[in-house]
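J.: Sharing a structure here in structure tokens format.
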Amino acid sequence: MGAKLTSEEKQRYDRQMILPSWGEKAQGTLKDSCVFIAGAGGLGSPVAIYLAAAGVGTLRICDSGAVELSNLNRQILHGDDRIGENKALSAERTLKGINPSVQIIPLTETIQTDNIASLVGDARLMVDCLDNFETRYILNEYAVKTGLPLVHAGVNGLCGQIAFIHPPETACLACLVAEGPPPEIFPILGATAGVLGCLEAMEALKYLTGTGELLKGRLLFFDGEAMQLQEVSFDKDPECRVCGSVGRG
Ligand SMILES: [Zn+2]
């Protein structure tokens with residue numbers, strides 16, 4: 001059973017609490033939940049905004065970068081007056097304005113193998129809002145090691161992909177993409193990051209409340225140019241360098 005709700009919270013979340021599968025119980029569970037958001041950029045903006053608005057009790061938002069003018073076509077947590085400010089701190093200011101009852105923990109460090117445990121803290125779920133595979137693999141290894149679920153998404157241009165990674169039940173990110181492309185400056189439309197970030201927020205909320213069916217072992221492709229969705233299922237790779245040895249003990 002989740003935390004008790006105040007009368008203000010019952011009003012704020014009324015339109016989602018009247019979902020037949022939701023109610024006060026799911027809302028109380030959200031209030032008790034903590035989520036780790038890796039990146040406060042194009043994907044992290046919609047993820048953080050929708051999780052804060054939905055009443056997830058604690059958000060740990062990690063980004064070591066500063067807001068730049070060229071970020072503002074898509075990173076809607078930040079405005080013109082935030083240029084030069086750390087993105088996690090800027091995110092905290094925006095989110096406090098959206099929902100002051102949510103606890104925001106801004107983390108300004110760079111995600112590394114040796115600090116990932118302290119950054120994630122007691123979060124129940126990690127959301128990949130990153131723009132490079134090098135750091136994604138750090139999250140993935142932590143997910144395999146701890147059993148914490150990871151919502152993965154990536155965007156490029158008018159396209160994107162999303163999957164729910166929860167080893168050992170599902171394959172890990174390295175089973176899906178054995179070797180990601182090197183970091184690069186890629187084209188991106190803000191609305192593409194908005195679509196994929198909203199899908200990530202939805203998967204996170206579904207997981208935390210036990211609602212609906214998750215994208216476990218399923219990779220969903222969004223093609224905004226043709227405006228089509230495609231789904232492919234994917235399995236564990238027994239030879240996977242990250243999770244392959246886990247099953248063999
Ligand atoms: Zn794997």
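Lettering and numbering for the structure tokens are positional, with chains as A, B, ... in the shown order, residues counted from 1 in each chain, and ligands counted from 1 in the shown order.
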Please provide the set of residues having any atom within 9 Å of region 48-50 of chain A, restricted to only C-alpha atoms, with same-chain residues fewer than 2 positions apart removed, written as a VMD selection string.
T.: chain A and resid 37 40 43 to 46 52 to 55 59 61 77 91 94 to 95 98 197 to 198 201 to 202
J.: Output N, CA, C and O atoms for every residue in that selection, as an mmCIF file, in the first residue's frame.
T.:
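Saved file result-v6.cif follows:
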```cif
data_model
loop_
_atom_site.group_PDB
_atom_site.id
_atom_site.type_symbol
_atom_site.label_atom_id
_atom_site.label_comp_id
_atom_site.auth_asym_id
_atom_site.auth_seq_id
_atom_site.Cartn_x
_atom_site.Cartn_y
_atom_site.Cartn_z
ATOM 1 N N ILE A 37 16.612 9.669 -13.514
ATOM 2 C CA ILE A 37 16.542 10.136 -14.898
ATOM 3 C C ILE A 37 17.955 10.517 -15.338
ATOM 4 O O ILE A 37 18.545 11.474 -14.825
ATOM 5 N N ALA A 40 19.159 15.419 -18.681
ATOM 6 C CA ALA A 40 18.087 16.427 -18.616
ATOM 7 C C ALA A 40 18.071 17.225 -19.912
ATOM 8 O O ALA A 40 18.055 18.454 -19.921
ATOM 9 N N LEU A 43 15.259 14.120 -24.328
ATOM 10 C CA LEU A 43 14.388 13.067 -23.792
ATOM 11 C C LEU A 43 14.082 13.321 -22.323
ATOM 12 O O LEU A 43 12.956 13.125 -21.868
ATOM 13 N N GLY A 44 15.097 13.763 -21.592
ATOM 14 C CA GLY A 44 14.922 13.980 -20.155
ATOM 15 C C GLY A 44 13.887 15.042 -19.844
ATOM 16 O O GLY A 44 13.224 14.981 -18.804
ATOM 17 N N SER A 45 13.729 16.014 -20.735
ATOM 18 C CA SER A 45 12.758 17.084 -20.477
ATOM 19 C C SER A 45 11.329 16.548 -20.385
ATOM 20 O O SER A 45 10.685 16.712 -19.344
ATOM 21 N N PRO A 46 10.805 15.899 -21.427
ATOM 22 C CA PRO A 46 9.438 15.382 -21.291
ATOM 23 C C PRO A 46 9.314 14.312 -20.213
ATOM 24 O O PRO A 46 8.291 14.251 -19.519
ATOM 25 N N ALA A 52 7.005 14.331 -12.973
ATOM 26 C CA ALA A 52 6.726 15.296 -11.897
ATOM 27 C C ALA A 52 5.240 15.636 -11.874
ATOM 28 O O ALA A 52 4.603 15.641 -10.819
ATOM 29 N N ALA A 53 4.666 15.892 -13.041
ATOM 30 C CA ALA A 53 3.249 16.258 -13.098
ATOM 31 C C ALA A 53 2.364 15.112 -12.615
ATOM 32 O O ALA A 53 1.306 15.339 -12.028
ATOM 33 N N ALA A 54 2.805 13.858 -12.848
ATOM 34 C CA ALA A 54 2.006 12.696 -12.450
ATOM 35 C C ALA A 54 2.147 12.376 -10.968
ATOM 36 O O ALA A 54 1.413 11.533 -10.453
ATOM 37 N N GLY A 55 3.121 13.002 -10.289
ATOM 38 C CA GLY A 55 3.221 12.822 -8.848
ATOM 39 C C GLY A 55 4.175 11.741 -8.380
ATOM 40 O O GLY A 55 4.012 11.206 -7.278
ATOM 41 N N LEU A 59 12.418 12.514 -7.807
ATOM 42 C CA LEU A 59 13.120 12.383 -9.082
ATOM 43 C C LEU A 59 14.584 12.736 -8.879
ATOM 44 O O LEU A 59 14.905 13.828 -8.413
ATOM 45 N N ILE A 61 17.655 13.579 -10.904
ATOM 46 C CA ILE A 61 17.937 13.983 -12.286
ATOM 47 C C ILE A 61 19.417 14.289 -12.436
ATOM 48 O O ILE A 61 19.955 15.145 -11.739
ATOM 49 N N LEU A 77 12.833 21.677 -20.768
ATOM 50 C CA LEU A 77 12.969 22.012 -19.343
ATOM 51 C C LEU A 77 13.644 23.367 -19.178
ATOM 52 O O LEU A 77 13.522 24.006 -18.140
ATOM 53 N N ALA A 91 16.645 22.074 -14.389
ATOM 54 C CA ALA A 91 15.491 21.164 -14.357
ATOM 55 C C ALA A 91 14.765 21.272 -13.024
ATOM 56 O O ALA A 91 13.532 21.321 -12.975
ATOM 57 N N THR A 94 12.520 24.353 -12.952
ATOM 58 C CA THR A 94 11.311 24.209 -13.789
ATOM 59 C C THR A 94 10.302 23.268 -13.140
ATOM 60 O O THR A 94 9.104 23.560 -13.071
ATOM 61 N N LEU A 95 10.804 22.124 -12.656
ATOM 62 C CA LEU A 95 9.908 21.090 -12.121
ATOM 63 C C LEU A 95 9.248 21.533 -10.827
ATOM 64 O O LEU A 95 8.094 21.188 -10.567
ATOM 65 N N ILE A 98 6.239 23.320 -11.715
ATOM 66 C CA ILE A 98 5.153 22.470 -12.222
ATOM 67 C C ILE A 98 4.461 21.745 -11.074
ATOM 68 O O ILE A 98 3.241 21.669 -11.020
ATOM 69 N N GLY A 197 10.167 10.659 -25.429
ATOM 70 C CA GLY A 197 10.213 10.941 -23.996
ATOM 71 C C GLY A 197 8.869 10.673 -23.337
ATOM 72 O O GLY A 197 8.801 10.126 -22.235
ATOM 73 N N CYS A 198 7.790 11.014 -24.018
ATOM 74 C CA CYS A 198 6.454 10.729 -23.471
ATOM 75 C C CYS A 198 6.219 9.229 -23.367
ATOM 76 O O CYS A 198 5.625 8.753 -22.395
ATOM 77 N N ALA A 201 8.087 8.067 -20.329
ATOM 78 C CA ALA A 201 7.363 8.446 -19.101
ATOM 79 C C ALA A 201 6.190 7.497 -18.879
ATOM 80 O O ALA A 201 5.911 7.065 -17.753
ATOM 81 N N MET A 202 5.513 7.125 -19.961
ATOM 82 C CA MET A 202 4.369 6.228 -19.841
ATOM 83 C C MET A 202 4.800 4.850 -19.359
ATOM 84 O O MET A 202 4.165 4.266 -18.469
#
```
J.: 10 Å from ligand 1 is the threshold here; counting only C-alpha atoms and all ligand atoms, which polymer residues fall inside it? Answer as a ChimeraX atom specification.
T.: /A:140-141,144,165,167-168,170-178,235-246
J.: Please dump the current selection as an mmCIF file, in the first residue's frame; keep N, CA, C and O atoms.
T.:
```cif
data_model
loop_
_atom_site.group_PDB
_atom_site.id
_atom_site.type_symbol
_atom_site.label_atom_id
_atom_site.label_comp_id
_atom_site.auth_asym_id
_atom_site.auth_seq_id
_atom_site.Cartn_x
_atom_site.Cartn_y
_atom_site.Cartn_z
ATOM 1 N N ASN A 140 23.196 0.119 -18.341
ATOM 2 C CA ASN A 140 22.798 -1.258 -18.636
ATOM 3 C C ASN A 140 23.520 -2.251 -17.738
ATOM 4 O O ASN A 140 22.914 -3.177 -17.210
ATOM 5 N N GLU A 141 24.829 -2.037 -17.546
ATOM 6 C CA GLU A 141 25.594 -2.944 -16.682
ATOM 7 C C GLU A 141 25.070 -2.884 -15.252
ATOM 8 O O GLU A 141 24.987 -3.900 -14.560
ATOM 9 N N VAL A 144 21.854 -4.881 -15.094
ATOM 10 C CA VAL A 144 22.110 -6.324 -15.063
ATOM 11 C C VAL A 144 22.609 -6.738 -13.675
ATOM 12 O O VAL A 144 22.179 -7.746 -13.118
ATOM 13 N N ILE A 165 13.933 -2.632 -20.560
ATOM 14 C CA ILE A 165 14.999 -3.598 -20.278
ATOM 15 C C ILE A 165 14.924 -3.992 -18.797
ATOM 16 O O ILE A 165 15.008 -3.114 -17.931
ATOM 17 N N PRO A 167 16.621 -7.146 -17.022
ATOM 18 C CA PRO A 167 17.302 -8.423 -16.832
ATOM 19 C C PRO A 167 17.167 -8.906 -15.380
ATOM 20 O O PRO A 167 17.084 -8.074 -14.484
ATOM 21 N N PRO A 168 17.140 -10.211 -15.106
ATOM 22 C CA PRO A 168 17.352 -11.280 -16.097
ATOM 23 C C PRO A 168 16.070 -11.718 -16.817
ATOM 24 O O PRO A 168 16.144 -12.600 -17.659
ATOM 25 N N THR A 170 14.385 -10.078 -19.073
ATOM 26 C CA THR A 170 14.497 -9.725 -20.489
ATOM 27 C C THR A 170 15.969 -9.685 -20.904
ATOM 28 O O THR A 170 16.864 -9.737 -20.061
ATOM 29 N N ALA A 171 16.179 -9.549 -22.188
ATOM 30 C CA ALA A 171 17.516 -9.291 -22.705
ATOM 31 C C ALA A 171 17.990 -7.940 -22.194
ATOM 32 O O ALA A 171 17.191 -7.110 -21.740
ATOM 33 N N CYS A 172 19.293 -7.709 -22.231
ATOM 34 C CA CYS A 172 19.822 -6.416 -21.812
ATOM 35 C C CYS A 172 20.091 -5.554 -23.047
ATOM 36 O O CYS A 172 19.920 -5.990 -24.180
ATOM 37 N N LEU A 173 20.505 -4.315 -22.812
ATOM 38 C CA LEU A 173 20.728 -3.394 -23.936
ATOM 39 C C LEU A 173 21.869 -3.864 -24.838
ATOM 40 O O LEU A 173 21.839 -3.672 -26.049
ATOM 41 N N ALA A 174 22.865 -4.535 -24.238
ATOM 42 C CA ALA A 174 23.995 -5.014 -25.041
ATOM 43 C C ALA A 174 23.605 -6.227 -25.887
ATOM 44 O O ALA A 174 24.233 -6.488 -26.920
ATOM 45 N N CYS A 175 22.572 -6.978 -25.466
ATOM 46 C CA CYS A 175 22.042 -8.055 -26.322
ATOM 47 C C CYS A 175 21.412 -7.427 -27.566
ATOM 48 O O CYS A 175 21.523 -7.947 -28.670
ATOM 49 N N LEU A 176 20.748 -6.298 -27.353
ATOM 50 C CA LEU A 176 20.014 -5.625 -28.433
ATOM 51 C C LEU A 176 20.968 -4.883 -29.364
ATOM 52 O O LEU A 176 20.875 -4.993 -30.589
ATOM 53 N N VAL A 177 21.859 -4.114 -28.784
ATOM 54 C CA VAL A 177 22.857 -3.354 -29.556
ATOM 55 C C VAL A 177 24.227 -3.707 -28.972
ATOM 56 O O VAL A 177 24.597 -3.205 -27.912
ATOM 57 N N ALA A 178 24.948 -4.616 -29.645
ATOM 58 C CA ALA A 178 26.217 -5.098 -29.095
ATOM 59 C C ALA A 178 27.249 -3.977 -29.037
ATOM 60 O O ALA A 178 28.013 -3.860 -28.088
ATOM 61 N N ASP A 235 15.545 -11.212 -28.215
ATOM 62 C CA ASP A 235 15.838 -12.194 -27.167
ATOM 63 C C ASP A 235 17.217 -11.955 -26.576
ATOM 64 O O ASP A 235 18.028 -11.212 -27.120
ATOM 65 N N LYS A 236 17.453 -12.652 -25.477
ATOM 66 C CA LYS A 236 18.783 -12.608 -24.863
ATOM 67 C C LYS A 236 19.806 -13.231 -25.806
ATOM 68 O O LYS A 236 19.521 -14.230 -26.464
ATOM 69 N N ASP A 237 20.973 -12.631 -25.839
ATOM 70 C CA ASP A 237 22.086 -13.198 -26.591
ATOM 71 C C ASP A 237 22.935 -14.009 -25.604
ATOM 72 O O ASP A 237 23.520 -13.444 -24.682
ATOM 73 N N PRO A 238 22.978 -15.347 -25.767
ATOM 74 C CA PRO A 238 23.748 -16.153 -24.806
ATOM 75 C C PRO A 238 25.223 -15.752 -24.754
ATOM 76 O O PRO A 238 25.905 -15.983 -23.751
ATOM 77 N N GLU A 239 25.693 -15.129 -25.840
ATOM 78 C CA GLU A 239 27.096 -14.713 -25.891
ATOM 79 C C GLU A 239 27.290 -13.265 -25.423
ATOM 80 O O GLU A 239 28.379 -12.712 -25.551
ATOM 81 N N CYS A 240 26.216 -12.647 -24.929
ATOM 82 C CA CYS A 240 26.284 -11.229 -24.553
ATOM 83 C C CYS A 240 27.407 -10.976 -23.550
ATOM 84 O O CYS A 240 27.535 -11.680 -22.556
ATOM 85 N N ARG A 241 28.196 -9.909 -23.813
ATOM 86 C CA ARG A 241 29.337 -9.623 -22.939
ATOM 87 C C ARG A 241 28.898 -9.113 -21.566
ATOM 88 O O ARG A 241 29.673 -9.132 -20.609
ATOM 89 N N VAL A 242 27.650 -8.658 -21.447
ATOM 90 C CA VAL A 242 27.195 -8.112 -20.158
ATOM 91 C C VAL A 242 26.356 -9.125 -19.382
ATOM 92 O O VAL A 242 26.653 -9.414 -18.223
ATOM 93 N N CYS A 243 25.305 -9.666 -20.000
ATOM 94 C CA CYS A 243 24.402 -10.537 -19.243
ATOM 95 C C CYS A 243 24.602 -12.008 -19.577
ATOM 96 O O CYS A 243 24.003 -12.880 -18.947
ATOM 97 N N GLY A 244 25.456 -12.308 -20.556
ATOM 98 C CA GLY A 244 25.627 -13.693 -21.011
ATOM 99 C C GLY A 244 26.130 -14.630 -19.948
ATOM 100 O O GLY A 244 25.735 -15.784 -19.897
ATOM 101 N N SER A 245 26.987 -14.140 -19.041
ATOM 102 C CA SER A 245 27.568 -15.024 -18.038
ATOM 103 C C SER A 245 26.675 -15.157 -16.814
ATOM 104 O O SER A 245 26.855 -16.058 -16.004
ATOM 105 N N VAL A 246 25.691 -14.236 -16.669
ATOM 106 C CA VAL A 246 24.850 -14.231 -15.470
ATOM 107 C C VAL A 246 24.077 -15.530 -15.348
ATOM 108 O O VAL A 246 24.072 -16.177 -14.310
#
```
J.: Please provide as a PyMOL selection string all residues within 8 Å of Gly42 (chain A), with the sequence filter that same-chain residues fewer than 4 positions apart are discarded (counting only C-alpha atoms).
T.: chain A and resi 46+71+74-76+129+190+193-194+197
J.: Those residues with C-alpha atoms, as a CSV table (one decimal), in the first residue's frame please?
T.:
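result29.csv written:
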```
chain,number,residue,atom,x,y,z
A,46,PRO,CA,9.4,15.4,-21.3
A,71,ASN,CA,19.8,22.9,-27.0
A,74,ARG,CA,14.2,20.4,-27.9
A,75,GLN,CA,15.2,20.6,-24.3
A,76,ILE,CA,12.0,22.2,-23.0
A,129,CYS,CA,17.5,9.9,-21.6
A,190,GLY,CA,12.4,18.6,-30.7
A,193,ALA,CA,12.4,13.7,-28.5
A,194,GLY,CA,8.9,14.7,-27.2
A,197,GLY,CA,10.2,10.9,-24.0
```
J.: Select from region 133-226 of chain A everything DSSP, run on the backbone, classes as strand (DSSP E), then give the selection as a ChimeraX atom specification.
T.: /A:150-156,159-165,218-223
J.: Could you write out the selected residues, including C-alpha atoms, as a PDB file, in the first residue's frame?
T.:
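As written to disk, out.pdb reads:
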```pdb
ATOM      1  CA  LEU A 150      15.908   0.451 -17.377  1.00  0.00           C
ATOM      2  CA  VAL A 151      13.647   2.243 -19.835  1.00  0.00           C
ATOM      3  CA  HIS A 152      15.788   2.742 -22.950  1.00  0.00           C
ATOM      4  CA  ALA A 153      15.124   5.236 -25.708  1.00  0.00           C
ATOM      5  CA  GLY A 154      17.135   6.840 -28.463  1.00  0.00           C
ATOM      6  CA  VAL A 155      16.283   9.446 -31.072  1.00  0.00           C
ATOM      7  CA  ASN A 156      17.713  10.667 -34.362  1.00  0.00           C
ATOM      8  CA  CYS A 159      12.900   8.682 -35.765  1.00  0.00           C
ATOM      9  CA  GLY A 160      13.350   6.969 -32.433  1.00  0.00           C
ATOM     10  CA  GLN A 161      13.236   3.684 -30.556  1.00  0.00           C
ATOM     11  CA  ILE A 162      12.189   2.522 -27.108  1.00  0.00           C
ATOM     12  CA  ALA A 163      12.378  -0.726 -25.093  1.00  0.00           C
ATOM     13  CA  PHE A 164      11.862  -1.848 -21.499  1.00  0.00           C
ATOM     14  CA  ILE A 165      14.999  -3.598 -20.278  1.00  0.00           C
ATOM     15  CA  ARG A 218      10.001  -5.624 -27.567  1.00  0.00           C
ATOM     16  CA  LEU A 219      11.667  -2.771 -29.416  1.00  0.00           C
ATOM     17  CA  LEU A 220       9.262  -0.150 -30.688  1.00  0.00           C
ATOM     18  CA  PHE A 221      10.432   1.962 -33.627  1.00  0.00           C
ATOM     19  CA  PHE A 222       8.857   5.334 -34.302  1.00  0.00           C
ATOM     20  CA  ASP A 223       9.272   6.671 -37.841  1.00  0.00           C
TER      21      ASP A 223
END
```
J.: Which of these, A:Glu200, A:Glu24, A:Asp128, A:Glu169, has the shortest distance to Lys10 (chain A) once you count only C-alpha atoms?
T.: A:Glu24
J.: What is the distance between CA of Ser90 (chain A) and CA of Gly39 (chain A), in Å to one decimal?
T.: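 Interatomic distance here is 12.2 Å.
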J.: A:Pro149, A:Ser7, A:Asp122, A:Val56: which is nearest Gln27 (chain A), counting only C-alpha atoms?
T.: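 Closest residue, counting only C-alpha atoms: A:Val56.
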J.: Considering only C-alpha atoms, state which residue in the set A:Ile138, A:Leu30, A:Leu119, A:Ala143 is at the smallest distance from Cys62 (chain A).
T.: A:Leu119
J.: So how many Å separate CA of Ile83 (chain A) and CA of Gln103 (chain A), to one decimal?
T.: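 Pair CA of Ile83 (chain A) / CA of Gln103 (chain A) returns 23.7 Å.
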J.: Would you please work out which residue, of A:Gly57, A:Pro100, A:Gly2, A:Gly79, is nearest to Gly41 (chain A) when using only C-alpha atoms?
T.: A:Gly79
J.: With distances taken over only C-alpha atoms, which of A:Leu72, A:Ile111, A:Ile104, A:Leu125 is nearest to Ala191 (chain A)?
T.: A:Leu72
J.: Please compute the CA of Leu139 (chain A)-CA of Tyr207 (chain A) distance, one decimal, in Å.
T.: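 Those two atoms sit 17.8 Å apart.
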J.: Determine which residues of region 1-243 of chain A receive a DSSP assignment of alpha helix (DSSP H), computed from the backbone, and state them as a count of residues only.
T.: 85
J.: Between A:Gly224, A:Thr6, A:Ile185, A:Val127, which residue has the minimum interatomic distance to Ser101 (chain A), considering only C-alpha atoms?
T.: A:Thr6
J.: Can you pull out every residue within 9 Å of Pro183 (chain A), counting only C-alpha atoms, but drop anything in the same chain fewer than 3 positions away, and send it as a CSV table (one decimal) with N, CA, C and O atoms, in the first residue's frame?
T.:
```
chain,number,residue,atom,x,y,z
A,131,ASP,N,22.3,10.6,-24.9
A,131,ASP,CA,22.6,10.8,-26.3
A,131,ASP,C,23.8,10.0,-26.8
A,131,ASP,O,24.3,10.2,-27.9
A,132,ASN,N,24.3,9.1,-25.9
A,132,ASN,CA,25.4,8.3,-26.4
A,132,ASN,C,25.4,6.9,-25.7
A,132,ASN,O,24.9,6.7,-24.6
A,133,PHE,N,25.9,5.9,-26.5
A,133,PHE,CA,25.9,4.5,-26.0
A,133,PHE,C,26.9,4.2,-24.9
A,133,PHE,O,26.7,3.3,-24.1
A,134,GLU,N,28.0,5.0,-24.9
A,134,GLU,CA,29.0,4.7,-23.9
A,134,GLU,C,28.4,4.8,-22.5
A,134,GLU,O,28.6,3.9,-21.6
A,180,GLY,N,27.3,0.2,-29.8
A,180,GLY,CA,26.6,1.4,-30.3
A,180,GLY,C,27.5,2.3,-31.1
A,180,GLY,O,28.7,2.1,-31.1
A,186,PHE,N,24.1,14.6,-34.0
A,186,PHE,CA,23.1,14.1,-35.0
A,186,PHE,C,22.0,15.1,-35.1
A,186,PHE,O,21.7,15.8,-34.2
```
